[in-house]
>>> print(open('my_file13.cif').read())   # mmCIF, C-alpha atoms
data_run
loop_
_atom_site.group_PDB
_atom_site.id
_atom_site.type_symbol
_atom_site.label_atom_id
_atom_site.label_comp_id
_atom_site.auth_asym_id
_atom_site.auth_seq_id
_atom_site.Cartn_x
_atom_site.Cartn_y
_atom_site.Cartn_z
ATOM 1 C CA MET H 1 -14.591 -9.850 9.147
ATOM 2 C CA THR H 2 -14.180 -9.031 5.462
ATOM 3 C CA THR H 3 -10.990 -7.635 3.990
ATOM 4 C CA ARG H 4 -12.549 -6.705 0.636
ATOM 5 C CA ALA H 5 -10.634 -3.695 -0.696
ATOM 6 C CA ALA H 6 -11.414 -1.605 -3.788
ATOM 7 C CA ILE H 7 -8.153 -0.625 -5.522
ATOM 8 C CA ALA H 8 -8.793 2.057 -8.136
ATOM 9 C CA ALA H 9 -5.594 2.648 -10.091
ATOM 10 C CA SER H 10 -3.724 1.660 -13.232
ATOM 11 C CA ILE H 11 -3.559 -1.860 -14.618
ATOM 12 C CA ALA H 12 -0.718 -2.205 -17.090
ATOM 13 C CA TYR H 13 1.889 -4.296 -18.781
ATOM 14 C CA ASP H 14 5.457 -3.314 -17.887
ATOM 15 C CA THR H 15 8.237 -3.709 -20.415
ATOM 16 C CA ILE H 16 11.444 -3.444 -18.403
ATOM 17 C CA MET H 17 14.916 -3.000 -19.853
ATOM 18 C CA VAL H 18 18.219 -2.879 -17.999
ATOM 19 C CA PHE H 19 20.989 -0.472 -18.982
ATOM 20 C CA GLU H 20 24.227 -1.947 -17.679
ATOM 21 C CA GLY H 21 25.744 1.377 -16.712
ATOM 22 C CA GLN H 22 24.848 4.680 -15.030
ATOM 23 C CA PHE H 23 22.554 7.290 -16.569
ATOM 24 C CA THR H 24 24.584 10.001 -14.844
ATOM 25 C CA ASP H 25 27.655 9.060 -16.888
ATOM 26 C CA HIS H 26 25.830 10.052 -20.086
ATOM 27 C CA ILE H 27 23.663 13.021 -19.106
ATOM 28 C CA LEU H 28 25.644 16.231 -19.458
ATOM 29 C CA PRO H 29 24.329 18.892 -17.043
ATOM 30 C CA ASP H 30 25.009 21.736 -19.487
ATOM 31 C CA GLN H 31 23.185 19.938 -22.315
ATOM 32 C CA ILE H 32 19.930 18.920 -20.626
ATOM 33 C CA HIS H 33 17.988 21.345 -22.846
ATOM 34 C CA LYS H 34 18.668 19.089 -25.861
ATOM 35 C CA ILE H 35 18.884 15.523 -24.581
ATOM 36 C CA ASN H 36 18.996 12.861 -27.294
ATOM 37 C CA LEU H 37 20.143 9.623 -25.685
ATOM 38 C CA SER H 38 19.776 5.948 -26.464
ATOM 39 C CA PHE H 39 20.685 3.327 -23.861
ATOM 40 C CA LEU H 40 21.609 -0.158 -25.066
ATOM 41 C CA SER H 41 19.561 -2.624 -23.000
ATOM 42 C CA PRO H 42 20.507 -6.232 -23.697
ATOM 43 C CA LYS H 43 18.106 -7.499 -21.026
ATOM 44 C CA MET H 44 14.341 -7.077 -21.468
ATOM 45 C CA ARG H 45 11.260 -8.697 -20.015
ATOM 46 C CA ARG H 46 7.508 -8.101 -20.003
ATOM 47 C CA GLU H 47 5.734 -8.173 -16.665
ATOM 48 C CA TYR H 48 2.272 -7.764 -15.204
ATOM 49 C CA GLY H 49 2.068 -4.353 -13.572
ATOM 50 C CA GLY H 50 0.158 -1.164 -12.960
ATOM 51 C CA CYS H 51 -0.436 0.093 -9.427
ATOM 52 C CA ALA H 52 -3.838 -1.578 -9.007
ATOM 53 C CA GLY H 53 -2.552 -4.877 -10.358
ATOM 54 C CA ASN H 54 0.563 -4.852 -8.194
ATOM 55 C CA ILE H 55 -1.214 -3.823 -5.008
ATOM 56 C CA ALA H 56 -3.943 -6.410 -5.588
ATOM 57 C CA TYR H 57 -1.332 -9.136 -6.071
ATOM 58 C CA ASN H 58 0.419 -8.269 -2.806
ATOM 59 C CA TYR H 59 -2.864 -7.884 -0.948
ATOM 60 C CA ALA H 60 -3.838 -11.387 -2.075
ATOM 61 C CA LEU H 61 -0.508 -12.687 -0.723
ATOM 62 C CA LEU H 62 -1.609 -11.328 2.672
ATOM 63 C CA GLY H 63 -4.909 -13.183 2.427
ATOM 64 C CA GLY H 64 -6.872 -10.043 1.600
ATOM 65 C CA GLU H 65 -9.726 -9.904 -0.902
ATOM 66 C CA ALA H 66 -8.425 -7.583 -3.589
ATOM 67 C CA VAL H 67 -10.789 -5.871 -6.045
ATOM 68 C CA PRO H 68 -8.760 -3.877 -8.596
ATOM 69 C CA MET H 69 -10.799 -1.353 -10.582
ATOM 70 C CA GLY H 70 -9.628 -0.452 -14.061
ATOM 71 C CA MET H 71 -10.256 -0.426 -17.792
ATOM 72 C CA VAL H 72 -8.086 -2.719 -19.923
ATOM 73 C CA GLY H 73 -7.680 -3.512 -23.607
ATOM 74 C CA ASP H 74 -8.164 -6.434 -25.957
ATOM 75 C CA ASP H 75 -4.667 -7.691 -25.138
ATOM 76 C CA PHE H 76 -5.491 -8.343 -21.467
ATOM 77 C CA GLY H 77 -6.013 -12.115 -21.837
ATOM 78 C CA PRO H 78 -2.698 -13.344 -20.336
ATOM 79 C CA TYR H 79 -3.005 -10.890 -17.435
ATOM 80 C CA ARG H 80 -6.580 -12.048 -16.768
ATOM 81 C CA GLU H 81 -5.374 -15.657 -16.577
ATOM 82 C CA HIS H 82 -2.633 -14.569 -14.173
ATOM 83 C CA ASN H 83 -5.195 -12.844 -11.927
ATOM 84 C CA THR H 84 -7.306 -15.996 -11.901
ATOM 85 C CA ARG H 85 -4.287 -18.043 -10.775
ATOM 86 C CA THR H 86 -3.473 -15.595 -7.992
ATOM 87 C CA GLY H 87 -7.018 -15.257 -6.679
ATOM 88 C CA VAL H 88 -7.676 -11.628 -7.579
ATOM 89 C CA ASP H 89 -11.330 -10.592 -8.012
ATOM 90 C CA GLN H 90 -11.829 -9.305 -11.583
ATOM 91 C CA SER H 91 -15.407 -8.072 -11.341
ATOM 92 C CA CYS H 92 -14.269 -4.447 -11.719
ATOM 93 C CA ILE H 93 -11.779 -5.004 -14.541
ATOM 94 C CA VAL H 94 -13.573 -3.942 -17.716
ATOM 95 C CA THR H 95 -12.375 -4.463 -21.294
ATOM 96 C CA ALA H 96 -12.526 -1.580 -23.762
ATOM 97 C CA ALA H 97 -12.742 -2.760 -27.377
ATOM 98 C CA ASP H 98 -10.113 -1.659 -29.899
ATOM 99 C CA ALA H 99 -7.697 -0.416 -27.259
ATOM 100 C CA TYR H 100 -4.456 -1.517 -25.665
ATOM 101 C CA THR H 101 -4.097 -2.206 -21.985
ATOM 102 C CA ALA H 102 -1.948 0.568 -20.510
ATOM 103 C CA GLN H 103 1.743 0.008 -21.226
ATOM 104 C CA CYS H 104 4.747 1.197 -19.239
ATOM 105 C CA PHE H 105 8.226 1.088 -20.773
ATOM 106 C CA ILE H 106 10.982 1.333 -18.157
ATOM 107 C CA VAL H 107 14.753 1.532 -18.452
ATOM 108 C CA THR H 108 16.651 0.912 -15.201
ATOM 109 C CA ASP H 109 20.360 1.523 -14.677
ATOM 110 C CA LEU H 110 22.704 -0.284 -12.281
ATOM 111 C CA SER H 111 21.969 2.237 -9.497
ATOM 112 C CA ASN H 112 18.236 1.483 -9.791
ATOM 113 C CA ASN H 113 17.526 4.871 -11.346
ATOM 114 C CA GLN H 114 14.654 4.683 -13.808
ATOM 115 C CA LEU H 115 13.468 6.344 -17.001
ATOM 116 C CA ALA H 116 9.920 5.513 -18.055
ATOM 117 C CA GLY H 117 7.372 6.179 -20.771
ATOM 118 C CA PHE H 118 3.692 5.404 -20.269
ATOM 119 C CA HIS H 119 0.888 4.802 -22.781
ATOM 120 C CA PRO H 120 -2.471 4.993 -20.960
ATOM 121 C CA GLY H 121 -4.509 3.153 -23.587
ATOM 122 C CA ALA H 122 -7.806 1.886 -22.186
ATOM 123 C CA MET H 123 -7.003 3.370 -18.785
ATOM 124 C CA GLY H 124 -8.285 6.684 -20.107
ATOM 125 C CA ARG H 125 -11.823 5.342 -19.674
ATOM 126 C CA SER H 126 -11.487 4.120 -16.083
ATOM 127 C CA ALA H 127 -13.975 6.747 -14.864
ATOM 128 C CA GLU H 128 -16.677 4.591 -16.462
ATOM 129 C CA ILE H 129 -16.284 2.101 -13.586
ATOM 130 C CA PRO H 130 -18.159 3.270 -10.458
ATOM 131 C CA LEU H 131 -17.174 2.277 -6.937
ATOM 132 C CA ALA H 132 -20.609 0.672 -6.530
ATOM 133 C CA GLN H 133 -19.536 -2.025 -9.004
ATOM 134 C CA ALA H 134 -17.128 -3.372 -6.368
ATOM 135 C CA GLY H 135 -19.974 -4.111 -3.976
ATOM 136 C CA ALA H 136 -19.525 -3.832 -0.229
ATOM 137 C CA VAL H 137 -15.898 -3.033 0.562
ATOM 138 C CA THR H 138 -14.116 -2.492 3.863
ATOM 139 C CA CYS H 139 -11.460 -0.098 2.599
ATOM 140 C CA GLY H 140 -9.962 1.260 -0.574
ATOM 141 C CA LEU H 141 -7.141 2.988 -2.388
ATOM 142 C CA VAL H 142 -7.099 5.578 -5.157
ATOM 143 C CA GLY H 143 -3.835 5.512 -7.059
ATOM 144 C CA PRO H 144 -2.407 6.765 -10.358
ATOM 145 C CA ASP H 145 -5.105 6.503 -13.016
ATOM 146 C CA ALA H 146 -6.891 8.712 -15.517
ATOM 147 C CA PRO H 147 -7.285 12.093 -13.755
ATOM 148 C CA ASP H 148 -11.085 12.092 -14.002
ATOM 149 C CA ALA H 149 -11.177 8.564 -12.583
ATOM 150 C CA MET H 150 -8.980 9.591 -9.650
ATOM 151 C CA THR H 151 -11.231 12.549 -8.891
ATOM 152 C CA LEU H 152 -14.373 10.407 -9.178
ATOM 153 C CA HIS H 153 -13.154 7.483 -7.093
ATOM 154 C CA THR H 154 -11.764 9.779 -4.395
ATOM 155 C CA ARG H 155 -15.164 11.445 -4.078
ATOM 156 C CA GLU H 156 -17.037 8.127 -4.132
ATOM 157 C CA MET H 157 -14.880 6.583 -1.415
ATOM 158 C CA ALA H 158 -15.175 9.695 0.739
ATOM 159 C CA GLU H 159 -18.956 9.786 0.312
ATOM 160 C CA ALA H 160 -19.196 6.065 1.108
ATOM 161 C CA GLY H 161 -17.385 6.715 4.378
ATOM 162 C CA ILE H 162 -14.879 3.918 3.885
ATOM 163 C CA PRO H 163 -11.272 4.344 5.068
ATOM 164 C CA PHE H 164 -9.057 4.758 2.039
ATOM 165 C CA VAL H 165 -5.575 5.692 0.912
ATOM 166 C CA LEU H 166 -4.942 8.449 -1.614
ATOM 167 C CA ASP H 167 -1.774 7.682 -3.572
ATOM 168 C CA PRO H 168 -1.474 10.188 -6.453
ATOM 169 C CA GLY H 169 2.049 9.008 -7.340
ATOM 170 C CA GLN H 170 3.462 10.046 -10.682
ATOM 171 C CA ASN H 171 0.133 11.638 -11.617
ATOM 172 C CA ILE H 172 0.767 14.553 -9.251
ATOM 173 C CA LEU H 173 2.044 16.443 -12.290
ATOM 174 C CA LEU H 174 -1.378 16.161 -13.983
ATOM 175 C CA PHE H 175 -3.158 18.180 -11.289
ATOM 176 C CA SER H 176 -3.017 21.789 -10.163
ATOM 177 C CA GLY H 177 -2.318 22.553 -6.527
ATOM 178 C CA GLU H 178 -5.989 23.371 -6.020
ATOM 179 C CA GLN H 179 -7.083 20.070 -7.550
ATOM 180 C CA LEU H 180 -4.610 18.122 -5.410
ATOM 181 C CA LEU H 181 -5.882 19.762 -2.229
ATOM 182 C CA ALA H 182 -9.477 19.015 -3.216
ATOM 183 C CA MET H 183 -8.621 15.301 -3.298
ATOM 184 C CA ILE H 184 -6.329 15.381 -0.265
ATOM 185 C CA ASP H 185 -8.997 17.037 1.870
ATOM 186 C CA GLN H 186 -11.345 14.115 1.193
ATOM 187 C CA ALA H 187 -8.781 11.433 2.066
ATOM 188 C CA PRO H 188 -8.077 10.117 5.557
ATOM 189 C CA VAL H 189 -4.673 8.753 4.450
ATOM 190 C CA LEU H 190 -2.172 10.229 1.986
ATOM 191 C CA VAL H 191 0.867 8.207 0.952
ATOM 192 C CA CYS H 192 3.719 9.241 -1.330
ATOM 193 C CA ASN H 193 7.460 8.898 -1.614
ATOM 194 C CA ASP H 194 9.911 11.577 -0.524
ATOM 195 C CA TYR H 195 10.166 13.088 -4.009
ATOM 196 C CA GLU H 196 6.403 13.107 -4.547
ATOM 197 C CA VAL H 197 5.722 14.839 -1.237
ATOM 198 C CA GLU H 198 8.073 17.641 -2.304
ATOM 199 C CA LEU H 199 6.116 17.971 -5.552
ATOM 200 C CA ILE H 200 2.845 18.220 -3.628
ATOM 201 C CA CYS H 201 4.270 20.836 -1.305
ATOM 202 C CA ASP H 202 5.609 22.813 -4.255
ATOM 203 C CA LYS H 203 2.286 22.690 -6.129
ATOM 204 C CA THR H 204 0.129 23.516 -3.100
ATOM 205 C CA GLY H 205 2.450 25.954 -1.348
ATOM 206 C CA LEU H 206 2.175 23.936 1.862
ATOM 207 C CA THR H 207 4.983 22.914 4.165
ATOM 208 C CA LEU H 208 5.322 19.242 5.032
ATOM 209 C CA ALA H 209 3.930 19.944 8.504
ATOM 210 C CA ALA H 210 0.930 21.795 7.059
ATOM 211 C CA LEU H 211 0.280 18.981 4.585
ATOM 212 C CA ALA H 212 0.325 16.435 7.414
ATOM 213 C CA GLU H 213 -2.359 18.448 9.199
ATOM 214 C CA ARG H 214 -4.721 18.125 6.208
ATOM 215 C CA VAL H 215 -5.108 14.350 6.659
ATOM 216 C CA GLU H 216 -5.459 11.910 9.524
ATOM 217 C CA THR H 217 -2.286 10.132 8.425
ATOM 218 C CA LEU H 218 0.481 11.126 6.043
ATOM 219 C CA ILE H 219 2.963 8.423 5.104
ATOM 220 C CA VAL H 220 6.184 9.267 3.274
ATOM 221 C CA THR H 221 8.259 6.368 1.968
ATOM 222 C CA ARG H 222 12.018 6.860 1.679
ATOM 223 C CA GLY H 223 13.242 3.821 -0.232
ATOM 224 C CA GLY H 224 16.070 2.018 1.521
ATOM 225 C CA GLU H 225 15.861 4.450 4.436
ATOM 226 C CA GLY H 226 12.401 3.262 5.521
ATOM 227 C CA SER H 227 9.346 5.478 5.892
ATOM 228 C CA ASN H 228 7.795 8.092 8.153
ATOM 229 C CA VAL H 229 4.247 8.032 9.478
ATOM 230 C CA TYR H 230 2.841 11.444 10.438
ATOM 231 C CA GLN H 231 -0.152 11.362 12.794
ATOM 232 C CA ARG H 232 -1.602 13.945 15.198
ATOM 233 C CA GLY H 233 1.486 16.115 15.121
ATOM 234 C CA GLU H 234 3.881 13.226 15.716
ATOM 235 C CA VAL H 235 6.316 11.514 13.373
ATOM 236 C CA HIS H 236 6.942 7.782 13.680
ATOM 237 C CA ALA H 237 9.954 6.374 11.825
ATOM 238 C CA VAL H 238 9.601 2.888 10.360
ATOM 239 C CA ALA H 239 12.948 1.178 9.912
ATOM 240 C CA PRO H 240 13.417 -0.681 6.617
ATOM 241 C CA VAL H 241 13.651 -4.450 6.400
ATOM 242 C CA PRO H 242 16.995 -5.443 4.827
ATOM 243 C CA ALA H 243 16.477 -7.275 1.549
ATOM 244 C CA ALA H 244 18.106 -10.627 0.875
ATOM 245 C CA GLN H 245 19.075 -9.209 -2.536
ATOM 246 C CA VAL H 246 18.442 -5.990 -4.420
ATOM 247 C CA LYS H 247 17.374 -6.928 -7.933
ATOM 248 C CA ASP H 248 14.485 -4.702 -9.022
ATOM 249 C CA PRO H 249 12.909 -1.708 -7.224
ATOM 250 C CA THR H 250 9.906 -1.534 -9.559
ATOM 251 C CA GLY H 251 6.720 -2.277 -7.634
ATOM 252 C CA CYS H 252 8.179 -2.032 -4.126
ATOM 253 C CA GLY H 253 5.972 0.934 -3.302
ATOM 254 C CA ASP H 254 2.909 -0.994 -4.417
ATOM 255 C CA ALA H 255 3.886 -3.927 -2.205
ATOM 256 C CA TYR H 256 4.198 -1.484 0.699
ATOM 257 C CA ARG H 257 0.707 -0.127 0.088
ATOM 258 C CA ALA H 258 -0.819 -3.584 0.393
ATOM 259 C CA GLY H 259 0.322 -3.606 4.018
ATOM 260 C CA LEU H 260 -1.479 -0.313 4.611
ATOM 261 C CA LEU H 261 -4.663 -1.741 3.130
ATOM 262 C CA LEU H 262 -4.631 -4.756 5.433
ATOM 263 C CA ALA H 263 -4.256 -2.468 8.444
ATOM 264 C CA LEU H 264 -7.220 -0.397 7.251
ATOM 265 C CA ALA H 265 -9.307 -3.506 6.591
ATOM 266 C CA GLU H 266 -8.650 -4.939 10.041
ATOM 267 C CA GLY H 267 -8.787 -1.633 11.899
ATOM 268 C CA LYS H 268 -5.144 -1.871 12.974
ATOM 269 C CA PRO H 269 -2.798 1.112 13.469
ATOM 270 C CA LEU H 270 -1.354 2.317 10.194
ATOM 271 C CA LEU H 271 2.087 2.239 11.784
ATOM 272 C CA GLN H 272 1.746 -1.563 11.807
ATOM 273 C CA GLY H 273 0.509 -1.442 8.225
ATOM 274 C CA ALA H 274 3.632 0.510 7.287
ATOM 275 C CA GLN H 275 5.782 -2.115 8.990
ATOM 276 C CA LEU H 276 3.998 -4.886 7.108
ATOM 277 C CA GLY H 277 4.472 -2.921 3.890
ATOM 278 C CA SER H 278 8.185 -2.712 4.589
ATOM 279 C CA VAL H 279 8.339 -6.495 4.895
ATOM 280 C CA LEU H 280 6.580 -6.958 1.556
ATOM 281 C CA GLY H 281 8.759 -4.340 -0.128
ATOM 282 C CA SER H 282 11.920 -6.120 0.977
ATOM 283 C CA MET H 283 10.592 -9.377 -0.442
ATOM 284 C CA LYS H 284 9.616 -7.797 -3.736
ATOM 285 C CA ILE H 285 12.912 -5.988 -4.350
ATOM 286 C CA ALA H 286 14.768 -9.307 -4.209
ATOM 287 C CA VAL H 287 12.889 -10.577 -7.294
ATOM 288 C CA LEU H 288 12.697 -9.301 -10.866
ATOM 289 C CA GLY H 289 9.220 -8.086 -11.813
ATOM 290 C CA CYS H 290 6.366 -6.705 -9.751
ATOM 291 C CA GLN H 291 4.371 -9.912 -9.309
ATOM 292 C CA ASN H 292 6.923 -12.720 -9.232
ATOM 293 C CA HIS H 293 7.670 -12.894 -5.493
ATOM 294 C CA ARG H 294 5.673 -15.672 -3.867
ATOM 295 C CA PRO H 295 6.227 -15.710 -0.099
ATOM 296 C CA SER H 296 3.749 -17.643 1.978
ATOM 297 C CA ARG H 297 1.767 -15.814 4.626
ATOM 298 C CA ALA H 298 3.791 -17.722 7.222
ATOM 299 C CA GLU H 299 7.039 -16.394 5.710
ATOM 300 C CA ILE H 300 5.673 -12.843 5.718
ATOM 301 C CA ARG H 301 4.640 -13.232 9.348
ATOM 302 C CA ALA H 302 8.040 -14.595 10.337
ATOM 303 C CA GLN H 303 9.802 -11.609 8.766
ATOM 304 C CA PHE H 304 7.433 -9.192 10.489
ATOM 305 C CA GLU H 305 8.004 -10.778 13.900
ATOM 306 C CA GLN H 306 11.766 -10.820 13.392
ATOM 307 C CA HIS H 307 11.929 -7.087 12.674
ATOM 308 C CA TYR H 308 8.944 -5.522 14.424
ATOM 309 C CA GLY H 309 7.648 -7.852 17.128
ATOM 310 C CA PRO H 310 4.401 -9.794 17.648
ATOM 311 C CA TRP H 311 2.163 -10.305 14.610
ATOM 312 C CA PRO H 312 -0.857 -7.999 15.052
ATOM 313 C CA PHE H 313 -3.025 -9.140 12.157
ATOM 314 C CA ALA H 314 -5.749 -11.777 12.009
#
>>> encode(input="my_file13.cif", output="structure tokens")
Amino acid sequence: MTTRAAIAASIAYDTIMVFEGQFTDHILPDQIHKINLSFLSPKMRREYGGCAGNIAYNYALLGGEAVPMGMVGDDFGPYREHNTRTGVDQSCIVTAADAYTAQCFIVTDLSNNQLAGFHPGAMGRSAEIPLAQAGAVTCGLVGPDAPDAMTLHTREMAEAGIPFVLDPGQNILLFSGEQLLAMIDQAPVLVCNDYEVELICDKTGLTLAALAERVETLIVTRGGEGSNVYQRGEVHAVAPVPAAQVKDPTGCGDAYRAGLLLALAEGKPLLQGAQLGSVLGSMKIAVLGCQNHRPSRAEIRAQFEQHYGPWPFA
């Protein structure tokens, strides 16, 4: 059985700064029409990131064969070496000359609220990479990427008949309600966080229940409160796994999605994939950076069995 998964989404460098206070103490509600704020951030680090990169890293931790698909820039060298060390297939990572790899600049406060700016760079050309370049895959994911790439890869995965996850994420704002529904109606699985699902409902005019009926499975993550899996008119709550420490929420959602991919690859219930994702998310949040947690597969299994019961995966 192959676990080869095509992961079409952003590949980026993350520059993360920590503001040692609360954003809410400095944002005046009656002045939001003219915000001009600067947050002193004495702590800064540069990390490997992007949704495709993060999901691929976590999928490799699970023993899965991750194939991230994305366009990167001339500055990708250190990231490429990192992928080689972690066993990530790079056959669908293409370098665009005279461009930067996508860059995300994030400021996080002490309540884990985030402000971010994103430069897409080479990612704007990701539609030049066809799904066929990944070869035979068992499953896939379409995440935040250039809008034309998201539309293309959604259609290609649907036409190929492979089970895949649609994860529009922060790019929901780049699509009209009609465009979102066109992608959603091709996807067997839709995953988003509780804020994103409200955005989708607002843009499409659908209720949450109506949205859940458009796909085989709708999964809504709720941070520290766990997640909900909507299937066939039923809602299954997935309890969160308590983290040993809470250091950095960036990338927890991507870790969670790797669990969903393994369930798809092995033909397991997505409820179990959501549980596995919760385990990975709890491990990631205890470490700074999106790709610095290094649990063994045995450690992941032990955490799963402690919180959810017998290990269901191969």
>>> residues_around(input="my_file13.cif", residues="His307 in chain H", least_positions_apart="5", cutoff="12 Å", atoms="all atoms listed in the file", output="MDAnalysis selection string")
chainID H and resid 238:242 272 275:276 278:279 282 300:302
>>> closest_residue(input="my_file13.cif", among="H:Asn193, H:Thr154, H:Thr84, H:Thr24", to="Leu37 in chain H", atoms="all atoms listed in the file")
H:Thr24
>>> resolve_selection(input="my_file13.cif", expression="the PyMOL selection byres ((chain H and resi 19) around 7)", output="list in words")
Met17, Val18, Glu20, Gly21, Phe39, Leu40, Ser41, Val107, Thr108, Asp109 and Leu110 of chain H
>>> resolve_selection(input="my_file13.cif", expression="the PyMOL selection byres ((chain H and resi 66-73) around 9)", output="short mmCIF file (atom, residue, chain, number, x, y, z; two decimals) with C-alpha atoms, keeping the file's coordinate frame")
data_model
loop_
_atom_site.label_atom_id
_atom_site.label_comp_id
_atom_site.auth_asym_id
_atom_site.auth_seq_id
_atom_site.Cartn_x
_atom_site.Cartn_y
_atom_site.Cartn_z
CA THR H 3 -10.99 -7.64 3.99
CA ARG H 4 -12.55 -6.70 0.64
CA ALA H 5 -10.63 -3.70 -0.70
CA ALA H 6 -11.41 -1.60 -3.79
CA ILE H 7 -8.15 -0.62 -5.52
CA ALA H 8 -8.79 2.06 -8.14
CA ALA H 9 -5.59 2.65 -10.09
CA SER H 10 -3.72 1.66 -13.23
CA ILE H 11 -3.56 -1.86 -14.62
CA ALA H 12 -0.72 -2.20 -17.09
CA ALA H 52 -3.84 -1.58 -9.01
CA GLY H 53 -2.55 -4.88 -10.36
CA ILE H 55 -1.21 -3.82 -5.01
CA ALA H 56 -3.94 -6.41 -5.59
CA TYR H 57 -1.33 -9.14 -6.07
CA ASN H 58 0.42 -8.27 -2.81
CA TYR H 59 -2.86 -7.88 -0.95
CA ALA H 60 -3.84 -11.39 -2.08
CA GLY H 63 -4.91 -13.18 2.43
CA GLY H 64 -6.87 -10.04 1.60
CA GLU H 65 -9.73 -9.90 -0.90
CA ASP H 74 -8.16 -6.43 -25.96
CA ASP H 75 -4.67 -7.69 -25.14
CA PHE H 76 -5.49 -8.34 -21.47
CA GLY H 77 -6.01 -12.12 -21.84
CA GLY H 87 -7.02 -15.26 -6.68
CA VAL H 88 -7.68 -11.63 -7.58
CA ASP H 89 -11.33 -10.59 -8.01
CA GLN H 90 -11.83 -9.30 -11.58
CA SER H 91 -15.41 -8.07 -11.34
CA CYS H 92 -14.27 -4.45 -11.72
CA ILE H 93 -11.78 -5.00 -14.54
CA VAL H 94 -13.57 -3.94 -17.72
CA THR H 95 -12.38 -4.46 -21.29
CA ALA H 96 -12.53 -1.58 -23.76
CA ALA H 97 -12.74 -2.76 -27.38
CA ASP H 98 -10.11 -1.66 -29.90
CA ALA H 99 -7.70 -0.42 -27.26
CA TYR H 100 -4.46 -1.52 -25.66
CA THR H 101 -4.10 -2.21 -21.98
CA ALA H 102 -1.95 0.57 -20.51
CA GLY H 121 -4.51 3.15 -23.59
CA ALA H 122 -7.81 1.89 -22.19
CA MET H 123 -7.00 3.37 -18.78
CA GLY H 124 -8.28 6.68 -20.11
CA ARG H 125 -11.82 5.34 -19.67
CA SER H 126 -11.49 4.12 -16.08
CA ALA H 127 -13.98 6.75 -14.86
CA GLU H 128 -16.68 4.59 -16.46
CA ILE H 129 -16.28 2.10 -13.59
CA PRO H 130 -18.16 3.27 -10.46
CA LEU H 131 -17.17 2.28 -6.94
CA GLN H 133 -19.54 -2.02 -9.00
CA ALA H 134 -17.13 -3.37 -6.37
CA VAL H 137 -15.90 -3.03 0.56
CA ASP H 145 -5.11 6.50 -13.02
#
>>> residues_around(input="my_file13.cif", residues="Arg46 in chain H", least_positions_apart="3", cutoff="8 Å", atoms="only C-alpha atoms", output="list in words")
Tyr13, Asp14, Thr15 and Ile16 of chain H
>>> residues_around(input="my_file13.cif", residues="Glu234 in chain H", least_positions_apart="2", cutoff="12 Å", atoms="all atoms listed in the file", output="NGL selection string")
:H and (209 or 212-213 or 216-219 or 228-232 or 236-237 or 271)
>>> write_last_selection(input="my_file13.cif", atoms="C-alpha atoms", output="PDB file, keeping the file's coordinate frame")
ATOM      1  CA  ALA H 209       3.930  19.944   8.504  1.00  0.00           C
ATOM      2  CA  ALA H 212       0.325  16.435   7.414  1.00  0.00           C
ATOM      3  CA  GLU H 213      -2.359  18.448   9.199  1.00  0.00           C
ATOM      4  CA  GLU H 216      -5.459  11.910   9.524  1.00  0.00           C
ATOM      5  CA  THR H 217      -2.286  10.132   8.425  1.00  0.00           C
ATOM      6  CA  LEU H 218       0.481  11.126   6.043  1.00  0.00           C
ATOM      7  CA  ILE H 219       2.963   8.423   5.104  1.00  0.00           C
ATOM      8  CA  ASN H 228       7.795   8.092   8.153  1.00  0.00           C
ATOM      9  CA  VAL H 229       4.247   8.032   9.478  1.00  0.00           C
ATOM     10  CA  TYR H 230       2.841  11.444  10.438  1.00  0.00           C
ATOM     11  CA  GLN H 231      -0.152  11.362  12.794  1.00  0.00           C
ATOM     12  CA  ARG H 232      -1.602  13.945  15.198  1.00  0.00           C
ATOM     13  CA  HIS H 236       6.942   7.782  13.680  1.00  0.00           C
ATOM     14  CA  ALA H 237       9.954   6.374  11.825  1.00  0.00           C
ATOM     15  CA  LEU H 271       2.087   2.239  11.784  1.00  0.00           C
TER      16      LEU H 271
END
>>> axis_aligned_box(input="my_file13.cif", around="range 273-289 of chain H", padding_each_side="6 Å", output="AutoDock Vina command-line options")
--center_x 7.6 --center_y -5.0 --center_z -1.4 --size_x 26.3 --size_y 23.1 --size_z 32.8
>>> closest_residue(input="my_file13.cif", among="H:Leu180, H:Ala210, H:Phe175, H:Gly226", to="Asp194 in chain H", atoms="all atoms listed in the file")
H:Gly226
